[in-house]
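Single-structure report; data block below.
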Amino acid sequence: MRGSSPLDQELASLLADPQFDGHPLKDALSQLWGAHHDLLGRIERIARISDGYQSIARDREMSLAARFDKQLRQLEKVARISDRYQAMMQDLNASLREASMLDSLTGIANRRLLTERLREESERAKRYGRPLALVMLDIDRFKIINDDYGHDVGDRVLIEVVRVMESEIREHDLCGRWGGEEFLILMPECPAQTAQTVMTRLGDSIAALGVRVNEDLLGVTASMGIAELRPDETYSNAINRADLALLRAKRSGRNRCELAE
Ligand SMILES: Nc1nc2c(ncn2[C@@H]2O[C@H](COP(=O)(O)OP(=O)(O)OP(=O)(O)O)[C@@H](O)[C@H]2O)c(=O)[nH]1
């Protein structure tokens with residue numbers, strides 16, 4: 001840096017000129033010039049150190065930003081995986097819930113789903129003063145079918161009867177397996193008399209059904225008891241009344257449909 005500007009060069013040549021040796025100002029000027037250059041050197045060093053710090057800070061800032069971006073990307077990935085996992089769990093829960101509500105042999109509603117719907121439909125019927133018919137249906141002499149033809153044929157009979165039931169009832173009715181060879185049919189917006197007409201038709205269709213067993217055509221019949229929910233009773237009470245009506249149907253010779261008292 002020393003001697004780089006025209007003033008530096010001029011001062012350097014003045015100080016080097018022997019004609020000024022002994023001049024009273026030469027020493028003072030020489031010291032001033034030296035001090036000035038010391039100061040310049042120090043300023044340059046400070047500037048270099050400051051530049052160095054700045055570039056380290058910049059690097060650090062950049063690497064921090066890069067690390068932050070990377071972590072953000074990783075977090076996003078984890079969030080995506082977690083979302084997918086949650087959706088999977090929800091699907092699984094829904095199918096488990098559905099499976100727990102259906103009868104595994106026939107695929108129709110099981111007692112749990114029937115009870116849920118019974119609760120909802122009886123509340124609705126009472127609140128709006130609408131009719132709700134409950135039908136208990138039981139396959140006649142089913143034990144003999146099992147004993148004579150085996151459990152597998154018995155199962156096939158259950159499946160066939162369910163198929164007929166589903167084709168005879170309306171879309172907003174619900175038939176489900178109450179247990180064994182007993183079925184419950186919920187018929188919202190349906191008075192007992194209308195339910196009896198529908199059930200008589202269903203009984204005829206079941207009786208017309210022939211389940212093929214080797215060369216034989218196995219005849220099946222069913223008995224039914226119908227109760228219309230009263231405004232002042234629980235659905236359990238109405239089911240008991242339907243059960244009693246079913247018992248009457250059995251005692252009166254089966255293959256028939258009886259209305260509850
Ligand atoms: N194959 C088969 N049989 C079943 C199933 N659930 C219950 N059963 C049988 O259904 C029969 C019911 O017999 P009972 O209650 O004596 O009645 P029933 O022979 O139908 O006689 P009635 O109801 O009086 O006409 C029993 O033998 C049970 O083992 C099933 O899922 N599959």
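Order determines the names: the first chain of the structure tokens is A, the second B, and so forth; residues in each chain are numbered 1 upward, and ligands are numbered 1 upward as they are shown.
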| In segment 36-218 of chain A, DSSP alpha helix (DSSP H) residues written as a PyMOL selection string | chain A and resi 36-100+111-128+142-149+151-168+192-208
Export C-alpha atoms of the chosen residues as a short mmCIF file (atom, residue, chain, number, x, y, z; two decimals), in the first residue's frame?
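The new file out.cif reads:
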```cif
data_model
loop_
_atom_site.label_atom_id
_atom_site.label_comp_id
_atom_site.auth_asym_id
_atom_site.auth_seq_id
_atom_site.Cartn_x
_atom_site.Cartn_y
_atom_site.Cartn_z
CA HIS A 36 -0.33 7.22 8.79
CA HIS A 37 0.71 3.95 7.14
CA ASP A 38 0.46 2.04 10.42
CA LEU A 39 -3.06 3.33 10.80
CA LEU A 40 -3.91 2.37 7.21
CA GLY A 41 -2.48 -1.12 7.81
CA ARG A 42 -4.55 -1.52 10.95
CA ILE A 43 -7.72 -0.36 9.21
CA GLU A 44 -7.08 -2.87 6.40
CA ARG A 45 -6.57 -5.69 8.91
CA ILE A 46 -9.79 -4.76 10.76
CA ALA A 47 -11.67 -4.62 7.44
CA ARG A 48 -10.28 -8.06 6.48
CA ILE A 49 -11.27 -9.53 9.88
CA SER A 50 -14.73 -7.99 9.61
CA ASP A 51 -15.12 -9.39 6.05
CA GLY A 52 -14.08 -12.78 7.37
CA TYR A 53 -16.65 -12.65 10.16
CA GLN A 54 -19.31 -11.57 7.75
CA SER A 55 -18.63 -14.44 5.37
CA ILE A 56 -18.61 -16.95 8.28
CA ALA A 57 -21.94 -15.52 9.48
CA ARG A 58 -23.30 -15.70 5.92
CA ASP A 59 -22.17 -19.34 5.57
CA ARG A 60 -23.66 -20.20 8.93
CA GLU A 61 -26.91 -18.48 8.01
CA MET A 62 -27.06 -20.38 4.73
CA SER A 63 -26.32 -23.71 6.31
CA LEU A 64 -28.95 -22.97 8.99
CA ALA A 65 -31.49 -22.17 6.28
CA ALA A 66 -30.54 -25.34 4.39
CA ARG A 67 -30.86 -27.42 7.58
CA PHE A 68 -34.21 -25.81 8.35
CA ASP A 69 -35.46 -26.57 4.80
CA LYS A 70 -34.34 -30.17 5.09
CA GLN A 71 -36.08 -30.61 8.43
CA LEU A 72 -39.19 -28.97 7.05
CA ARG A 73 -39.18 -31.42 4.12
CA GLN A 74 -38.75 -34.33 6.53
CA LEU A 75 -41.60 -33.04 8.70
CA GLU A 76 -43.81 -32.70 5.64
CA LYS A 77 -43.00 -36.29 4.70
CA VAL A 78 -43.81 -37.52 8.22
CA ALA A 79 -47.08 -35.54 8.14
CA ARG A 80 -47.99 -37.11 4.77
CA ILE A 81 -47.24 -40.61 6.11
CA SER A 82 -49.23 -39.88 9.25
CA ASP A 83 -52.20 -38.60 7.16
CA ARG A 84 -52.12 -41.76 5.03
CA TYR A 85 -51.87 -43.92 8.16
CA GLN A 86 -54.81 -42.12 9.75
CA ALA A 87 -56.91 -42.54 6.60
CA MET A 88 -56.01 -46.24 6.58
CA MET A 89 -57.00 -46.59 10.24
CA GLN A 90 -60.27 -44.82 9.55
CA ASP A 91 -61.03 -47.18 6.62
CA LEU A 92 -60.09 -50.15 8.76
CA ASN A 93 -62.28 -48.93 11.60
CA ALA A 94 -65.18 -48.38 9.22
CA SER A 95 -64.85 -51.90 7.77
CA LEU A 96 -64.44 -53.41 11.24
CA ARG A 97 -67.50 -51.54 12.42
CA GLU A 98 -69.42 -52.66 9.34
CA ALA A 99 -68.28 -56.27 9.82
CA SER A 100 -69.27 -56.15 13.49
CA ARG A 111 -78.65 -58.23 16.35
CA ARG A 112 -76.37 -55.32 17.22
CA LEU A 113 -77.30 -53.31 14.11
CA LEU A 114 -80.95 -54.27 14.51
CA THR A 115 -80.93 -52.98 18.08
CA GLU A 116 -79.33 -49.71 16.95
CA ARG A 117 -81.95 -49.23 14.23
CA LEU A 118 -84.73 -50.31 16.59
CA ARG A 119 -83.75 -47.54 18.98
CA GLU A 120 -83.63 -44.93 16.22
CA GLU A 121 -86.81 -46.00 14.45
CA SER A 122 -88.88 -46.36 17.64
CA GLU A 123 -87.83 -42.88 18.76
CA ARG A 124 -88.67 -41.44 15.36
CA ALA A 125 -92.04 -43.23 15.21
CA LYS A 126 -92.99 -41.92 18.65
CA ARG A 127 -91.75 -38.38 18.05
CA TYR A 128 -93.66 -37.96 14.78
CA PHE A 142 -85.45 -76.05 11.24
CA LYS A 143 -83.95 -78.55 13.67
CA ILE A 144 -85.33 -81.39 11.50
CA ILE A 145 -83.71 -79.86 8.38
CA ASN A 146 -80.37 -79.76 10.21
CA ASP A 147 -80.81 -83.27 11.61
CA ASP A 148 -81.94 -84.83 8.33
CA TYR A 149 -79.69 -83.02 5.85
CA HIS A 151 -75.72 -78.25 9.11
CA ASP A 152 -74.42 -77.14 5.70
CA VAL A 153 -77.83 -77.62 4.12
CA GLY A 154 -79.33 -75.81 7.11
CA ASP A 155 -76.99 -72.89 6.41
CA ARG A 156 -77.99 -72.87 2.75
CA VAL A 157 -81.65 -72.75 3.75
CA LEU A 158 -80.93 -69.72 5.96
CA ILE A 159 -79.17 -67.97 3.07
CA GLU A 160 -81.99 -68.75 0.62
CA VAL A 161 -84.68 -67.55 3.03
CA VAL A 162 -82.77 -64.30 3.55
CA ARG A 163 -82.56 -63.81 -0.22
CA VAL A 164 -86.34 -64.15 -0.51
CA MET A 165 -86.89 -61.86 2.48
CA GLU A 166 -84.73 -59.16 1.00
CA SER A 167 -86.52 -59.32 -2.33
CA GLU A 168 -89.98 -59.05 -0.70
CA ALA A 192 -99.64 -53.76 11.41
CA GLN A 193 -102.33 -54.59 8.83
CA THR A 194 -100.12 -53.60 5.91
CA ALA A 195 -97.22 -55.51 7.47
CA GLN A 196 -99.45 -58.56 7.65
CA THR A 197 -100.26 -58.33 3.94
CA VAL A 198 -96.52 -58.04 3.09
CA MET A 199 -95.60 -60.89 5.46
CA THR A 200 -98.32 -63.19 4.11
CA ARG A 201 -96.84 -62.64 0.67
CA LEU A 202 -93.34 -63.29 2.05
CA GLY A 203 -94.57 -66.49 3.75
CA ASP A 204 -95.98 -67.66 0.41
CA SER A 205 -92.68 -66.91 -1.36
CA ILE A 206 -90.70 -68.84 1.28
CA ALA A 207 -93.11 -71.78 1.00
CA ALA A 208 -92.68 -71.70 -2.78
#
```
| task | For Trp33 of chain A, work out the shell of residues within 12 Å, counting only C-alpha atoms and skipping chain neighbours fewer than 6 positions away, then give it as a PyMOL selection string. | result | chain A and resi 2-3+7-12+14-15+25-27+39-40
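Nearest to Ala260 of chain A of all the residues A:Glu181, A:Ala222, A:Cys190, A:Leu134 is A:Leu134, based on only C-alpha atoms.
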| said: Among segment 13-246 of chain A, which residues does DSSP mark as strand (DSSP E) when it is run on the backbone? Keep the chain and numbering as in the structure and answer as a ChimeraX atom specification. | reply: /A:132-139,174-179,182-188,210-213,216-219,222-228
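Counting from atom 2 (C, counted along the ligand's line) of ligand 1, the distance to atom CA of Asp216 of chain A is 18.9 Å.
Residue neighbourhood of Gly210 of chain A, excluding near-sequence residues (fewer than 2 positions): A:Leu217, A:Leu218, A:Gly219, at 6 Å, using only C-alpha atoms.
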| message | Just checking: using only C-alpha atoms and all ligand atoms, which residue out of A:Met101, A:Met224, A:Ala133, A:Cys175 ends up closest to ligand 1? | response | A:Met224
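If you count only C-alpha atoms and ignore residues fewer than 5 places along the chain from Gly225 of chain A, what sits within 6 Å of it is Val135, Met136, Ala242, Ala245, Leu246, Cys257, Glu258 and Leu259 of chain A.
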| request: Would you mind listing what lies within 6 Å of Gly176 of chain A as an MDAnalysis selection string, with only C-alpha atoms counted and same-chain residues fewer than 4 positions away left out? | output: chainID A and resid 108:110 183:184
Now that the selection is made, can you save its residues with N, CA and C atoms as a JSON list (two decimals), in the first residue's frame?
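Listing of selection.json after writing:
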```json
[["chain", "number", "residue", "atom", "x", "y", "z"],
["A", 108, "ILE", "N", -76.65, -60.15, 6.24],
["A", 108, "ILE", "CA", -77.61, -59.10, 6.63],
["A", 108, "ILE", "C", -77.28, -58.57, 8.02],
["A", 109, "ALA", "N", -78.04, -57.58, 8.46],
["A", 109, "ALA", "CA", -77.80, -56.95, 9.77],
["A", 109, "ALA", "C", -77.80, -58.00, 10.88],
["A", 110, "ASN", "N", -76.92, -57.84, 11.84],
["A", 110, "ASN", "CA", -76.97, -58.74, 12.99],
["A", 110, "ASN", "C", -77.78, -58.07, 14.13],
["A", 183, "PHE", "N", -85.50, -64.26, 12.67],
["A", 183, "PHE", "CA", -85.18, -62.98, 12.02],
["A", 183, "PHE", "C", -86.14, -61.90, 12.52],
["A", 184, "LEU", "N", -85.62, -60.66, 12.53],
["A", 184, "LEU", "CA", -86.47, -59.53, 12.89],
["A", 184, "LEU", "C", -86.54, -58.59, 11.69]]
```
| message | Report, in Å to a single decimal, how far apart atom CA of Arg230 of chain A and atom 22 (P, counted along the ligand's line) of ligand 1 are. | response | 27.8 Å
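The interatomic distance for the pair atom CA of Asn255 of chain A and atom CA of Glu233 of chain A works out to 28.3 Å.
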